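Q: Contents of start_1.txt (compact mmCIF, C-alpha atoms) are below:
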```txt
# COMPACT_ATOMS: atom_id res chain seq x y z
CA ASN X 107 28.37 10.86 30.56
CA LEU X 108 26.10 13.51 29.20
CA LEU X 109 25.37 17.14 29.07
CA LEU X 110 22.35 19.26 28.23
CA LEU X 111 22.73 20.60 24.74
CA ALA X 112 23.29 24.31 24.13
CA LYS X 113 21.76 26.11 21.19
CA ALA X 114 24.08 27.67 18.62
CA ALA X 115 23.14 29.14 15.22
CA LYS X 116 22.14 26.17 12.96
CA GLN X 117 23.58 23.51 15.20
CA TYR X 118 23.40 22.07 18.68
CA VAL X 119 26.58 21.46 20.62
CA ALA X 120 26.96 19.44 23.82
CA THR X 121 30.14 20.68 25.48
CA PHE X 122 31.92 18.47 27.97
CA THR X 123 34.28 20.23 30.36
CA SER X 124 36.62 18.54 32.81
CA ASP X 125 34.55 19.86 35.73
CA GLY X 126 33.49 16.78 37.64
CA SER X 127 33.84 14.30 34.79
CA GLY X 128 37.38 14.55 33.44
CA ILE X 129 35.99 14.53 29.89
CA VAL X 130 36.71 17.41 27.52
CA GLY X 131 35.21 17.92 24.07
CA THR X 132 32.03 18.28 22.07
CA VAL X 133 29.20 16.45 20.37
CA THR X 134 27.74 18.48 17.52
CA VAL X 135 24.49 17.97 15.59
CA ASP X 136 24.44 20.03 12.40
CA MET X 137 21.84 19.42 9.67
CA GLY X 138 22.22 15.67 9.25
CA GLN X 139 25.75 15.43 10.62
CA VAL X 140 26.80 14.09 14.01
CA SER X 141 30.35 14.85 15.16
CA VAL X 142 31.95 13.48 18.32
CA ASP X 143 35.30 14.82 19.50
CA LEU X 144 36.08 13.85 23.11
CA ASP X 145 39.32 13.65 25.10
CA LEU X 146 38.91 10.88 27.70
CA SER X 147 42.44 11.08 29.12
CA GLY X 148 41.07 12.63 32.32
CA VAL X 149 39.01 9.52 33.13
CA VAL X 150 41.60 6.79 32.52
CA ASP X 151 42.12 6.22 36.25
CA SER X 152 38.58 7.13 37.33
CA GLY X 153 35.75 5.09 38.74
CA LEU X 154 34.38 3.76 35.47
CA PRO X 155 32.69 0.36 35.67
CA LYS X 156 35.48 -2.20 36.20
CA ASN X 157 38.24 -0.17 34.46
CA PHE X 158 38.90 2.14 31.53
CA SER X 159 39.96 -0.51 29.02
CA TYR X 160 36.99 -2.73 29.94
CA CYS X 161 34.64 0.20 29.40
CA THR X 162 36.20 1.54 26.17
CA GLY X 163 37.87 -1.51 24.60
CA ALA X 164 34.80 -2.43 22.56
CA GLY X 165 34.08 1.22 21.78
CA LEU X 166 31.52 3.48 23.42
CA SER X 167 27.80 3.26 22.83
CA TYR X 168 26.17 6.64 22.34
CA HIS X 169 22.58 7.80 22.22
CA ILE X 170 20.20 10.73 22.37
CA HIS X 171 18.01 10.42 25.46
CA LYS X 172 14.60 12.05 25.94
CA ILE X 173 15.31 14.30 28.91
CA TRP X 174 17.88 15.89 31.21
CA THR X 175 16.49 16.57 34.70
CA HIS X 176 19.61 17.78 36.51
CA ASN X 177 19.63 21.39 37.62
CA GLU X 178 23.21 21.84 36.46
CA ALA X 179 24.07 21.43 32.79
CA THR X 180 27.61 20.44 33.76
CA ASP X 181 26.78 17.49 36.07
CA THR X 182 27.92 14.64 33.85
CA THR X 183 28.49 11.78 36.27
CA VAL X 184 24.96 10.62 37.14
CA CYS X 185 23.09 9.68 33.99
CA GLY X 186 20.70 6.83 34.70
CA PRO X 187 17.14 6.64 33.40
CA ASP X 188 15.83 8.76 36.30
CA TYR X 189 17.77 11.69 34.83
CA THR X 190 17.68 10.96 31.08
CA ALA X 191 14.69 8.63 30.47
CA GLY X 192 14.94 6.29 27.48
CA HIS X 193 16.35 6.73 24.00
CA TRP X 194 14.70 9.36 21.85
CA ASP X 195 12.54 7.27 19.51
CA PRO X 196 9.89 9.37 17.71
CA TRP X 197 9.57 6.84 14.86
CA HIS X 198 8.58 3.91 17.13
CA ALA X 199 11.51 1.59 16.37
CA CYS X 200 11.14 0.34 19.96
CA GLY X 201 14.53 -0.86 21.16
CA ALA X 202 15.01 -2.15 24.70
CA ALA X 203 15.87 1.35 25.98
CA SER X 204 13.26 3.22 23.90
CA GLY X 205 11.58 6.12 25.62
CA ASN X 206 8.57 5.92 23.31
CA GLU X 207 5.34 5.37 25.27
CA TYR X 208 3.97 2.98 22.62
CA CYS X 209 6.85 0.55 23.02
CA GLY X 210 6.65 -2.29 25.52
CA ASP X 211 5.59 -5.90 25.61
CA GLY X 212 3.21 -5.76 22.62
CA ASN X 213 0.05 -5.81 24.73
CA GLY X 214 -2.43 -3.09 25.59
CA THR X 215 -1.26 0.48 25.03
CA THR X 216 2.37 -0.61 24.63
CA CYS X 217 1.51 -2.25 21.35
CA ILE X 218 4.96 -2.42 19.77
CA PRO X 219 7.15 -5.12 21.35
CA LYS X 220 10.67 -4.02 22.28
CA ALA X 221 11.83 -7.63 21.90
CA ASP X 222 11.43 -7.30 18.10
CA TYR X 223 14.03 -4.50 17.78
CA ASP X 224 16.51 -5.49 15.09
CA PRO X 225 17.91 -2.32 13.50
CA ASP X 226 19.39 -2.42 10.04
CA PHE X 227 19.85 1.28 9.39
CA SER X 228 21.54 0.93 6.00
CA ALA X 229 18.66 -1.19 4.61
CA ASP X 230 15.79 0.49 6.49
CA PRO X 231 16.49 3.81 8.27
CA PHE X 232 13.19 3.55 10.16
CA SER X 233 14.24 0.28 11.81
CA ALA X 234 16.59 2.13 14.22
CA GLU X 235 15.64 4.55 16.95
CA VAL X 236 16.50 8.09 15.85
CA GLY X 237 18.52 8.48 19.06
CA ASP X 238 20.31 5.13 18.86
CA TRP X 239 23.49 6.36 17.20
CA SER X 240 25.40 3.17 18.11
CA SER X 241 22.99 0.94 16.20
CA LYS X 242 22.93 3.34 13.25
CA TYR X 243 26.66 4.05 12.92
CA GLY X 244 28.53 1.64 15.20
CA LYS X 245 30.27 2.38 18.47
CA VAL X 246 32.72 5.23 18.90
CA THR X 247 36.25 3.86 19.15
CA VAL X 248 38.81 5.23 21.59
CA ASP X 249 42.36 5.55 20.24
CA SER X 250 45.70 5.13 22.06
CA SER X 251 45.67 8.85 22.98
CA TYR X 252 42.28 8.35 24.69
CA MET X 253 40.44 10.31 22.02
CA ALA X 254 36.91 9.30 20.99
CA SER X 255 36.05 10.77 17.59
CA THR X 256 33.60 10.10 14.79
CA GLU X 257 31.67 11.94 12.10
CA GLN X 258 28.49 10.52 10.66
CA ASN X 259 26.04 11.86 8.07
CA SER X 260 22.50 10.82 7.25
CA PHE X 261 19.46 12.27 5.58
CA TYR X 262 17.50 10.61 8.41
CA GLU X 263 19.47 12.22 11.24
CA VAL X 264 18.04 14.39 13.97
CA LEU X 265 17.81 18.09 13.15
CA PRO X 266 19.44 20.66 15.43
CA GLY X 267 16.08 22.21 16.36
CA GLU X 268 14.83 18.86 17.67
CA MET X 269 17.62 18.61 20.26
CA ASP X 270 16.31 21.19 22.72
CA GLY X 271 15.88 19.56 26.16
CA LEU X 272 17.36 16.22 25.11
CA SER X 273 20.68 14.77 26.29
CA VAL X 274 23.64 12.90 24.81
CA VAL X 275 24.68 9.81 26.78
CA PHE X 276 27.78 7.61 26.37
CA HIS X 277 27.81 4.08 27.79
CA CYS X 278 30.56 1.53 28.21
CA GLY X 279 30.57 -0.49 25.00
CA THR X 280 30.64 -3.74 26.94
CA GLY X 281 27.23 -3.28 28.50
```
What would the structure in this file look like if it were written as structure tokens?
A:
Amino acid sequence: NLLLLAKAAKQYVATFTSDGSGIVGTVTVDMGQVSVDLDLSGVVDSGLPKNFSYCTGAGLSYHIHKIWTHNEATDTTVCGPDYTAGHWDPWHACGAASGNEYCGDGNGTTCIPKADYDPDFSADPFSAEVGDWSSKYGKVTVDSSYMASTEQNSFYEVLPGEMDGLSVVFHCGTG
């Protein structure tokens, strides 16, 4: 699920409302800090892939994607690559879902092979896509109250002003 980010004084906040998705909460980017605070209790019996525990049992993957093409900022149920493009990857780390135009098979204009992506953010911050929060910080766990929460800090994190027009996407942690 995702939502176009809204600008607020020195931070960007993606606000999830229960309209259409059943998810309530926020994702905040604030000068090197990423905060996730989501209540997933409204989607426990929804049409997630397979079922809720399958989707959330291994945690949720989460990423910044390059675009948001929906007309409505609140439409959070359809979030495939046609609507969000690939991961935001301005440093050319080139993961499998990178949206960077220089990433590909290693031939021609796509000179950086995606198959070589092996992020080790703690040892080399530039080895991970900027938008690949899961590879940088680990998956977001969901507790017994169906809350998904995390706070992460990094000198190499996206700045609030860079978030305009991008989207935050959560994926089932199992695939």
Q: At a cut-off of 10 Å, using all atoms listed in the file, what residues contact Ser251 of chain X? Leave out same-chain residues fewer than 6 positions from it and give the result as a ChimeraX atom specification.
A: /X:145-147
Q: Of the residues X:Ile129, X:Leu166, X:Val135, X:Ala229, which is the one nearest to Thr247 of chain X, using only C-alpha atoms?
A: X:Leu166
Q: Using only C-alpha atoms, which of the listed residues (X:Gly237, X:Gly214, X:Pro231, X:Pro266) sits closest to Lys116 of chain X?
A: X:Pro266
Q: Quick one: residues within 6 Å of Lys172 of chain X, only C-alpha atoms counted, chain neighbours fewer than 6 positions away excluded, as a count of residues only?
A: 5
Q: Compile the contact shell of Gly201 of chain X as a list in words: residues with an atom at most 6 Å away, counting all atoms listed in the file, same-chain residues fewer than 3 positions apart removed.
A: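 In the requested format, the answer is Ser204, Lys220 and Tyr223 of chain X.
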Q: For the residues in the current selection, export C-alpha atoms as an mmCIF file, in the coordinates of the input.
A:
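See result.cif below for the written result:
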```cif
data_model
loop_
_atom_site.group_PDB
_atom_site.id
_atom_site.type_symbol
_atom_site.label_atom_id
_atom_site.label_comp_id
_atom_site.auth_asym_id
_atom_site.auth_seq_id
_atom_site.Cartn_x
_atom_site.Cartn_y
_atom_site.Cartn_z
ATOM 1 C CA SER X 204 13.260 3.220 23.900
ATOM 2 C CA LYS X 220 10.670 -4.020 22.280
ATOM 3 C CA TYR X 223 14.030 -4.500 17.780
#
```
Q: Rank X:His277, X:Lys156, X:Lys242, X:His171 by their smallest atom-to-atom distance to Pro196 of chain X, using only C-alpha atoms, and report the top residue only.
A: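 Among the listed residues, X:His171 lies closest to Pro196 of chain X.
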Q: Pick from X:Ile173, X:Val130, X:Val150, X:Gly186: nearest to Ser250 of chain X, with all atoms listed in the file counted?
A: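 Nearest candidate to Ser250 of chain X out of X:Ile173, X:Val130, X:Val150, X:Gly186: X:Val150.
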Q: Go through X:Trp197, X:Tyr189, X:Tyr160, X:Tyr118 one by one, measure the shortest atom-to-atom distance of each to Val248 of chain X using only C-alpha atoms, and give the residue with the smallest value.
A: X:Tyr160
Q: May I ask which of the residues X:Asp211, X:Glu235, X:Asp143, X:Asp136 is the closest one to Asp249 of chain X, counting only C-alpha atoms?
A: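 Under the stated criterion, the closest residue is X:Asp143.
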Q: Which distance in Å separates atom CA of Tyr252 of chain X and atom CA of Tyr168 of chain X, to one decimal?
A: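 Interatomic distance, atom CA of Tyr252 of chain X to atom CA of Tyr168 of chain X: 16.4 Å.
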Q: For a test of reading the model, state the distance in Å between atom CA of Ser152 of chain X and atom CA of Val246 of chain X, rounded to one decimal.
A: 19.4 Å
Q: How many Å separate atom CA of Ala202 of chain X from atom CA of Val236 of chain X?
A: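 For atom CA of Ala202 of chain X relative to atom CA of Val236 of chain X, the distance reads 13.6 Å.
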